[in-house]
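For reference, the structure is listed below as structure tokens.
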Amino acid sequence: MQQPCESAPQINLYDVKYFAAAPAEAERLIKNRNLYFEALYEDISPALTYINEEEGVLQTRGNRTESMALMIIDQKQGYDRRIKSLQWRQECWESVLADLNDEDRFKSIQAFQQEIYFSDSEIDMLLDKLAKPFSKMLEEREKCKRKAHQAELKKYRELESLWLQKEGKKLTDPNEGKRQYFLKGRFVYLTEAEIETYENMIQKKANEAAFAWGGWGPAQGN
């Protein structure tokens, strides 16, 4: 097998099958959706209240309607979320296939989607050809996610600003009045009082360590 250059993107068989299996799985779930939903109601048994004569108390047997209804709603929503996730993976797979030539596209569908036998060397060659399209697809999806996140954040900040204006307040910087400080390998924002407390704690530990090792007097700062 021809080895790709070091800068070439890498992809493994599991990654490809994760996306290639999505179309068939999504189709199966969509086909069985109504049957699955109907089956959820088959296990419902009405709650029966009766008197326990030995203990002299009221007891309930069976599932309460409210809890069963909530469970069914949760199961339905989870099922539909699963379908949407598979449809997203299907779109990703189809976008990868669109970047291949006809021959490589046909072989990729056979090898990874239909699971028709190919030799190890043929699989490796297909993975090499899929690497760049997969890398491109993942980058585009990541950009879409960042864009959606930024849009949500902007919307939230706008709503927050409107609320603060309505309340007669102003939007403030959470780091206002703080100083950047290098702490435990990263920069953080602390108030002067927080910095002083932290430095005093470090000095105290240094003094205790010096005393424990037989030092005389407080440890000297740098």
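Ligands are numbered from 1 in the order shown, chains are lettered A, B, ... in the order of the structure tokens, and residues start at 1 in each chain.
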task: For Arg141 of chain A, work out the shell of residues within 12 Å, counting only C-alpha atoms and skipping chain neighbours fewer than 4 positions away, then give it as a ChimeraX atom specification.
output: /A:88-89,91-93,95-96,134-137,145-148
Go ahead and write the residues just picked, N, CA and C atoms, as a short mmCIF file (atom, residue, chain, number, x, y, z; two decimals), in the first residue's frame.
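Final output, saved to result.cif:
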```cif
data_model
loop_
_atom_site.label_atom_id
_atom_site.label_comp_id
_atom_site.auth_asym_id
_atom_site.auth_seq_id
_atom_site.Cartn_x
_atom_site.Cartn_y
_atom_site.Cartn_z
N TRP A 88 -28.26 13.24 10.45
CA TRP A 88 -27.10 14.14 10.36
C TRP A 88 -25.87 13.37 9.88
N ARG A 89 -25.65 12.18 10.43
CA ARG A 89 -24.51 11.37 9.99
C ARG A 89 -24.67 10.94 8.53
N GLU A 91 -26.14 12.71 6.18
CA GLU A 91 -25.79 13.88 5.38
C GLU A 91 -24.27 14.03 5.29
N CYS A 92 -23.59 13.77 6.40
CA CYS A 92 -22.13 13.84 6.39
C CYS A 92 -21.54 12.82 5.41
N TRP A 93 -22.05 11.60 5.48
CA TRP A 93 -21.56 10.53 4.60
C TRP A 93 -21.80 10.87 3.14
N SER A 95 -22.09 13.81 1.83
CA SER A 95 -21.21 14.91 1.42
C SER A 95 -19.80 14.40 1.12
N VAL A 96 -19.37 13.37 1.85
CA VAL A 96 -18.06 12.77 1.59
C VAL A 96 -18.08 12.05 0.24
N PHE A 134 -13.26 13.39 4.15
CA PHE A 134 -13.72 13.32 5.53
C PHE A 134 -13.21 14.51 6.33
N SER A 135 -11.95 14.85 6.14
CA SER A 135 -11.37 15.99 6.85
C SER A 135 -12.12 17.28 6.49
N LYS A 136 -12.43 17.43 5.21
CA LYS A 136 -13.17 18.60 4.74
C LYS A 136 -14.56 18.64 5.37
N MET A 137 -15.24 17.50 5.41
CA MET A 137 -16.58 17.43 5.97
C MET A 137 -16.58 17.80 7.45
N LYS A 145 -21.09 24.36 13.64
CA LYS A 145 -21.37 24.30 15.07
C LYS A 145 -20.92 25.58 15.77
N ARG A 146 -19.72 26.07 15.40
CA ARG A 146 -19.23 27.31 16.00
C ARG A 146 -20.11 28.49 15.63
N LYS A 147 -20.54 28.51 14.37
CA LYS A 147 -21.40 29.60 13.90
C LYS A 147 -22.73 29.59 14.65
N ALA A 148 -23.30 28.39 14.83
CA ALA A 148 -24.56 28.28 15.55
C ALA A 148 -24.39 28.69 17.01
#
```
- request: From segment 50-168 of chain A, collect each residue whose DSSP state is strand (DSSP E) and return the set as a PyMOL selection string.
  value: chain A and resi 50-52+57-61
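The shell of residues at most 12 Å from Gly78 of chain A, with only C-alpha atoms counted and near chain neighbours (fewer than 5 positions) removed, consists of Leu29, Arg33, Tyr36, Phe37, Met71, Ile72, Ile73, Ile83, Lys84 and Ser85 of chain A.
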Within 7 Å of segment 18-24 of chain A, counting only C-alpha atoms, which residues qualify if same-chain residues fewer than 5 places away don't, as an mmCIF file with N, CA, C and O atoms, in the first residue's frame?
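Heads up, here's the output in result_24.cif:
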```
data_model
loop_
_atom_site.group_PDB
_atom_site.id
_atom_site.type_symbol
_atom_site.label_atom_id
_atom_site.label_comp_id
_atom_site.auth_asym_id
_atom_site.auth_seq_id
_atom_site.Cartn_x
_atom_site.Cartn_y
_atom_site.Cartn_z
ATOM 1 N N LEU A 86 -28.910 10.207 13.339
ATOM 2 C CA LEU A 86 -28.546 9.341 12.210
ATOM 3 C C LEU A 86 -28.682 10.082 10.883
ATOM 4 O O LEU A 86 -27.864 9.901 9.975
ATOM 5 N N GLN A 87 -29.700 10.912 10.763
ATOM 6 C CA GLN A 87 -29.876 11.683 9.531
ATOM 7 C C GLN A 87 -28.743 12.680 9.342
ATOM 8 O O GLN A 87 -28.310 12.931 8.212
ATOM 9 N N ARG A 89 -25.645 12.178 10.431
ATOM 10 C CA ARG A 89 -24.511 11.369 9.992
ATOM 11 C C ARG A 89 -24.669 10.940 8.533
ATOM 12 O O ARG A 89 -23.683 10.851 7.786
ATOM 13 N N GLN A 90 -25.901 10.689 8.113
ATOM 14 C CA GLN A 90 -26.148 10.333 6.719
ATOM 15 C C GLN A 90 -25.781 11.492 5.794
ATOM 16 O O GLN A 90 -25.162 11.292 4.737
ATOM 17 N N TRP A 93 -22.047 11.599 5.477
ATOM 18 C CA TRP A 93 -21.557 10.527 4.604
ATOM 19 C C TRP A 93 -21.804 10.866 3.141
ATOM 20 O O TRP A 93 -20.932 10.679 2.281
ATOM 21 N N PHE A 112 -18.244 -0.052 2.604
ATOM 22 C CA PHE A 112 -18.538 0.458 3.943
ATOM 23 C C PHE A 112 -20.032 0.549 4.259
ATOM 24 O O PHE A 112 -20.420 0.472 5.418
ATOM 25 N N GLN A 113 -20.843 0.713 3.228
ATOM 26 C CA GLN A 113 -22.280 0.852 3.460
ATOM 27 C C GLN A 113 -22.997 -0.487 3.280
ATOM 28 O O GLN A 113 -23.829 -0.863 4.104
#
```
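Between atom CA of Ser67 of chain A and atom CA of Ile30 of chain A lies a distance of 26.2 Å.
Picture a line from atom CA of Glu103 of chain A to atom CA of Arg28 of chain A; it runs 27.4 Å.
Take atom CA of Leu40 of chain A and atom CA of Glu27 of chain A: the distance between them is 20.3 Å.
Comparing the minimum interatomic distances between Arg105 of chain A and each of A:Lys178, A:Lys129, A:Arg82, A:Lys166, counting only C-alpha atoms, we find that A:Lys129 sits nearest.
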message: If DSSP is run on the backbone, what residues of segment 11-208 of chain A are alpha helix (DSSP H)? A reply as a PyMOL selection string would be ideal.
response: chain A and resi 13-20+22-31+33-42+65-98+102-108+120-166+192-208
